[in-house]
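Below is one structure; the comments refer to it alone.
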Amino acid sequence: MIRVLLADDQTLVRGAFALLVNSADDMEVVGEAGTGDEAVTLTRDLRPDVVLMDIRMPSTDGIEATRQIIADDGSSRSKVLVLTTFETDTNVLRGLRAGACGFLPKDTRPDALLDAIRTVAAGEALLSPGATRAVITRAMSRPDAPTPERLASLTARERQVLRLVAAGRSNQEIADELVVSPLTAKTHVARILAKLGARDRVHLVIAAYEAGLP
């Protein structure tokens with residue numbers, strides 16, 4: 001079972017998310033927090049697999065709460081999936097730097113949200129199309145982004161995988177589209193990261209857009 005903690009200052013929103021999460025056979029809600037401080041404390045005490053984190057909350061906001069969760073040895077193994085109505089480049093980058101594994105708008109389809117929880121729980125990063133655009137807009141000029149010339153080292157299949165990563169596909173979705181095993185898809189992504197000297201999937205997205213691959 002994937003153990004989920006809900007962090008949102010609106011009781012009705014938490015209730016709706018709780019109904020959705022508990023409707024899935026492979027996950028359950030283990031706690032609810034109405035503030036960032038409560039989210040930090042409950043994550044440390046309950047050690048959920050995934051924290052669904054709102055950004056705007058009383059006292060400590062969701063991004064600072066994420067930073068504290070990831071920095072705490074007692075809760076750092078919990079994955080944080082940020083859900084928000086404010087998908088700005090500043091919020092996305094702050095959230096990623098704080099250690100969030102995923103970023104989705106609150107109007108995400110119910111089935112897509114459940115899939116996102118599974119993806120993050122499995123240790124993969126996940127960005128919505130809006131969050132991806134925000135990251136690209138802010139990060140295209142960063143000096144440590146992979147240069148287009150380095151894409152020459154990729155095989156045809158690796159370029160295909162990179163296009164799918166840039167489109168926001170998870171490893172499972174890449175495997176389904178290419179008709180390969182999830183392990184094969186994960187191996188392709190790992191090799192691309194190594195060849196481009198990229199730290200994470202976000203850098204792969206930047207590299208793909210710089211090279212005009214999507």
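Lettering and numbering for the structure tokens are positional, with chains as A, B, ... in the shown order, residues counted from 1 in each chain, and ligands counted from 1 in the shown order.
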
Mind listing the helix (DSSP H, G or I) residues of region 6-178 of chain A, per DSSP on the backbone, as a ChimeraX atom specification?
/A:11-23,36-46,62-71,89-98,110-121,129-139,148-153,156-166,171-178

Surrounding residues of region 70-79 of chain A excluding itself and chain neighbours under 3 positions, 6 Å, only C-alpha atoms, as a VMD selection string
chain A and resid 43 to 44 47 to 50 67

Store the residues picked out above in a file with all heavy atoms, as a PDB file, in the first residue's frame.
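Written file, result_14.pdb:
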```pdb
ATOM      1  N   THR A  43       4.585  14.247   8.902  1.00  0.00           N
ATOM      2  CA  THR A  43       5.458  13.454   8.030  1.00  0.00           C
ATOM      3  C   THR A  43       6.546  12.776   8.844  1.00  0.00           C
ATOM      4  O   THR A  43       6.879  11.609   8.619  1.00  0.00           O
ATOM      5  CB  THR A  43       6.089  14.336   6.937  1.00  0.00           C
ATOM      6  OG1 THR A  43       5.058  14.960   6.170  1.00  0.00           O
ATOM      7  CG2 THR A  43       6.961  13.507   6.003  1.00  0.00           C
ATOM      8  N   ARG A  44       7.077  13.490   9.809  1.00  0.00           N
ATOM      9  CA  ARG A  44       8.115  12.911  10.670  1.00  0.00           C
ATOM     10  C   ARG A  44       7.538  11.771  11.509  1.00  0.00           C
ATOM     11  O   ARG A  44       8.188  10.740  11.701  1.00  0.00           O
ATOM     12  CB  ARG A  44       8.701  13.983  11.587  1.00  0.00           C
ATOM     13  CG  ARG A  44       9.871  13.491  12.459  1.00  0.00           C
ATOM     14  CD  ARG A  44      10.326  14.551  13.420  1.00  0.00           C
ATOM     15  NE  ARG A  44      10.719  15.777  12.740  1.00  0.00           N
ATOM     16  CZ  ARG A  44      10.105  16.951  12.902  1.00  0.00           C
ATOM     17  NH1 ARG A  44       9.044  17.051  13.705  1.00  0.00           N
ATOM     18  NH2 ARG A  44      10.532  18.010  12.272  1.00  0.00           N
ATOM     19  N   ARG A  47       5.654   9.058   8.637  1.00  0.00           N
ATOM     20  CA  ARG A  47       6.531   8.599   7.552  1.00  0.00           C
ATOM     21  C   ARG A  47       5.750   8.041   6.357  1.00  0.00           C
ATOM     22  O   ARG A  47       5.918   6.871   5.979  1.00  0.00           O
ATOM     23  CB  ARG A  47       7.527   7.554   8.076  1.00  0.00           C
ATOM     24  CG  ARG A  47       8.387   8.112   9.201  1.00  0.00           C
ATOM     25  CD  ARG A  47       9.554   7.230   9.533  1.00  0.00           C
ATOM     26  NE  ARG A  47      10.346   7.797  10.613  1.00  0.00           N
ATOM     27  CZ  ARG A  47      11.521   7.323  11.013  1.00  0.00           C
ATOM     28  NH1 ARG A  47      12.028   6.246  10.420  1.00  0.00           N
ATOM     29  NH2 ARG A  47      12.177   7.893  11.995  1.00  0.00           N
ATOM     30  N   PRO A  48       4.898   8.868   5.750  1.00  0.00           N
ATOM     31  CA  PRO A  48       4.135   8.416   4.578  1.00  0.00           C
ATOM     32  C   PRO A  48       5.061   8.223   3.382  1.00  0.00           C
ATOM     33  O   PRO A  48       6.175   8.758   3.344  1.00  0.00           O
ATOM     34  CB  PRO A  48       3.158   9.568   4.340  1.00  0.00           C
ATOM     35  CG  PRO A  48       3.903  10.771   4.846  1.00  0.00           C
ATOM     36  CD  PRO A  48       4.641  10.279   6.067  1.00  0.00           C
ATOM     37  N   ASP A  49       4.602   7.480   2.410  1.00  0.00           N
ATOM     38  CA  ASP A  49       5.376   7.313   1.180  1.00  0.00           C
ATOM     39  C   ASP A  49       5.325   8.582   0.334  1.00  0.00           C
ATOM     40  O   ASP A  49       6.324   8.979  -0.280  1.00  0.00           O
ATOM     41  CB  ASP A  49       4.836   6.137   0.360  1.00  0.00           C
ATOM     42  CG  ASP A  49       4.916   4.834   1.122  1.00  0.00           C
ATOM     43  OD1 ASP A  49       6.035   4.473   1.534  1.00  0.00           O
ATOM     44  OD2 ASP A  49       3.873   4.190   1.329  1.00  0.00           O
ATOM     45  N   VAL A  50       4.148   9.213   0.300  1.00  0.00           N
ATOM     46  CA  VAL A  50       3.953  10.412  -0.514  1.00  0.00           C
ATOM     47  C   VAL A  50       3.180  11.459   0.286  1.00  0.00           C
ATOM     48  O   VAL A  50       2.217  11.137   0.981  1.00  0.00           O
ATOM     49  CB  VAL A  50       3.167  10.096  -1.812  1.00  0.00           C
ATOM     50  CG1 VAL A  50       2.896  11.372  -2.611  1.00  0.00           C
ATOM     51  CG2 VAL A  50       3.922   9.089  -2.669  1.00  0.00           C
ATOM     52  N   ARG A  67      10.953  21.680   2.095  1.00  0.00           N
ATOM     53  CA  ARG A  67      12.388  21.775   2.383  1.00  0.00           C
ATOM     54  C   ARG A  67      12.714  21.145   3.728  1.00  0.00           C
ATOM     55  O   ARG A  67      13.695  20.394   3.862  1.00  0.00           O
ATOM     56  CB  ARG A  67      12.834  23.239   2.376  1.00  0.00           C
ATOM     57  CG  ARG A  67      14.352  23.426   2.456  1.00  0.00           C
ATOM     58  CD  ARG A  67      14.720  24.845   2.815  1.00  0.00           C
ATOM     59  NE  ARG A  67      14.285  25.194   4.159  1.00  0.00           N
ATOM     60  CZ  ARG A  67      14.887  24.783   5.267  1.00  0.00           C
ATOM     61  NH1 ARG A  67      15.956  23.994   5.202  1.00  0.00           N
ATOM     62  NH2 ARG A  67      14.430  25.146   6.446  1.00  0.00           N
TER      63      ARG A  67
END
```

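Minimum distance to Glu32 (chain A) across A:Thr119, A:Met1, A:Val51, A:Ala7 (counting only C-alpha atoms) occurs at A:Ala7.
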
How many Å lie between CA of Ala18 (chain A) and CA of Gly168 (chain A), rounded to one decimal?
25.7 Å

Do a neighbour search on region 25-28 of chain A at 7 Å with only C-alpha atoms, toss out local chain neighbours closer than 5 positions, and write the hits as a ChimeraX atom specification.
/A:1-4

Take the residues from that selection and put them in a file with N, CA, C and O atoms, as a CSV table (one decimal), in the first residue's frame.
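Contents of result_20.csv, freshly written:
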```csv
chain,number,residue,atom,x,y,z
A,1,MET,N,0.8,-1.2,0.0
A,1,MET,CA,0.0,0.0,0.0
A,1,MET,C,0.9,1.3,0.0
A,1,MET,O,1.9,1.3,0.7
A,2,ILE,N,0.5,2.2,-0.8
A,2,ILE,CA,1.2,3.5,-0.8
A,2,ILE,C,0.5,4.4,0.3
A,2,ILE,O,-0.7,4.7,0.2
A,3,ARG,N,1.2,4.8,1.2
A,3,ARG,CA,0.7,5.6,2.3
A,3,ARG,C,0.8,7.1,2.0
A,3,ARG,O,1.9,7.6,1.7
A,4,VAL,N,-0.3,7.8,2.1
A,4,VAL,CA,-0.3,9.2,1.6
A,4,VAL,C,-0.8,10.1,2.7
A,4,VAL,O,-1.7,9.9,3.5
```

Hey, what does DSSP flag as strand (DSSP E) within region 43-110 of chain A? Can you give it to me as a ChimeraX atom specification?
/A:50-53,79-84,102-105

Atom-to-atom span, CA of Gly99 (chain A) and CA of Val80 (chain A), Å
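Answer for the CA of Gly99 (chain A) to CA of Val80 (chain A) separation: 7.5 Å.
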
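CA of Ala152 (chain A) sits 17.3 Å away from CA of Val165 (chain A).
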
Write out as a list of chain:residue names which residues come within 7 Å of Leu6 (chain A) when counting only C-alpha atoms, dropping same-chain ones fewer than 4 positions away.
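Near neighbours after the sequence-gap exclusion: A:Arg14, A:Gly31, A:Glu32, A:Ala33, A:Val51, A:Leu52, A:Met53.
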
What's the 8 Å shell around Val189 (chain A), counting only C-alpha atoms, without same-chain residues fewer than 4 positions away, as a compact mmCIF listing (two decimals) with all heavy atoms, in the first residue's frame?
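Contents of around.txt, as written:
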```txt
# COMPACT_ATOMS: atom_id res chain seq x y z
N GLU A 158 17.56 6.41 -28.00
CA GLU A 158 17.71 7.33 -26.87
C GLU A 158 17.13 8.70 -27.19
O GLU A 158 16.55 9.35 -26.32
CB GLU A 158 19.19 7.43 -26.49
CG GLU A 158 19.70 6.17 -25.79
CD GLU A 158 21.21 6.13 -25.65
OE1 GLU A 158 21.91 6.96 -26.30
OE2 GLU A 158 21.72 5.28 -24.90
N VAL A 161 13.45 8.32 -26.70
CA VAL A 161 13.13 8.34 -25.27
C VAL A 161 13.21 9.76 -24.73
O VAL A 161 12.36 10.20 -23.95
CB VAL A 161 14.08 7.40 -24.48
CG1 VAL A 161 13.88 7.59 -22.98
CG2 VAL A 161 13.84 5.95 -24.87
N LEU A 162 14.22 10.51 -25.17
CA LEU A 162 14.38 11.89 -24.70
C LEU A 162 13.18 12.74 -25.10
O LEU A 162 12.71 13.58 -24.32
CB LEU A 162 15.67 12.49 -25.27
CG LEU A 162 15.96 13.95 -24.88
CD1 LEU A 162 16.01 14.11 -23.37
CD2 LEU A 162 17.28 14.40 -25.51
N ALA A 185 13.00 1.00 -20.14
CA ALA A 185 12.78 2.44 -20.24
C ALA A 185 13.63 3.18 -19.21
O ALA A 185 14.26 4.20 -19.51
CB ALA A 185 11.30 2.77 -20.04
N LEU A 193 20.90 10.36 -19.12
CA LEU A 193 21.39 11.25 -18.05
C LEU A 193 22.91 11.23 -18.00
O LEU A 193 23.57 12.27 -17.90
CB LEU A 193 20.81 10.81 -16.70
CG LEU A 193 19.35 11.15 -16.43
CD1 LEU A 193 18.85 10.38 -15.22
CD2 LEU A 193 19.17 12.64 -16.20
```
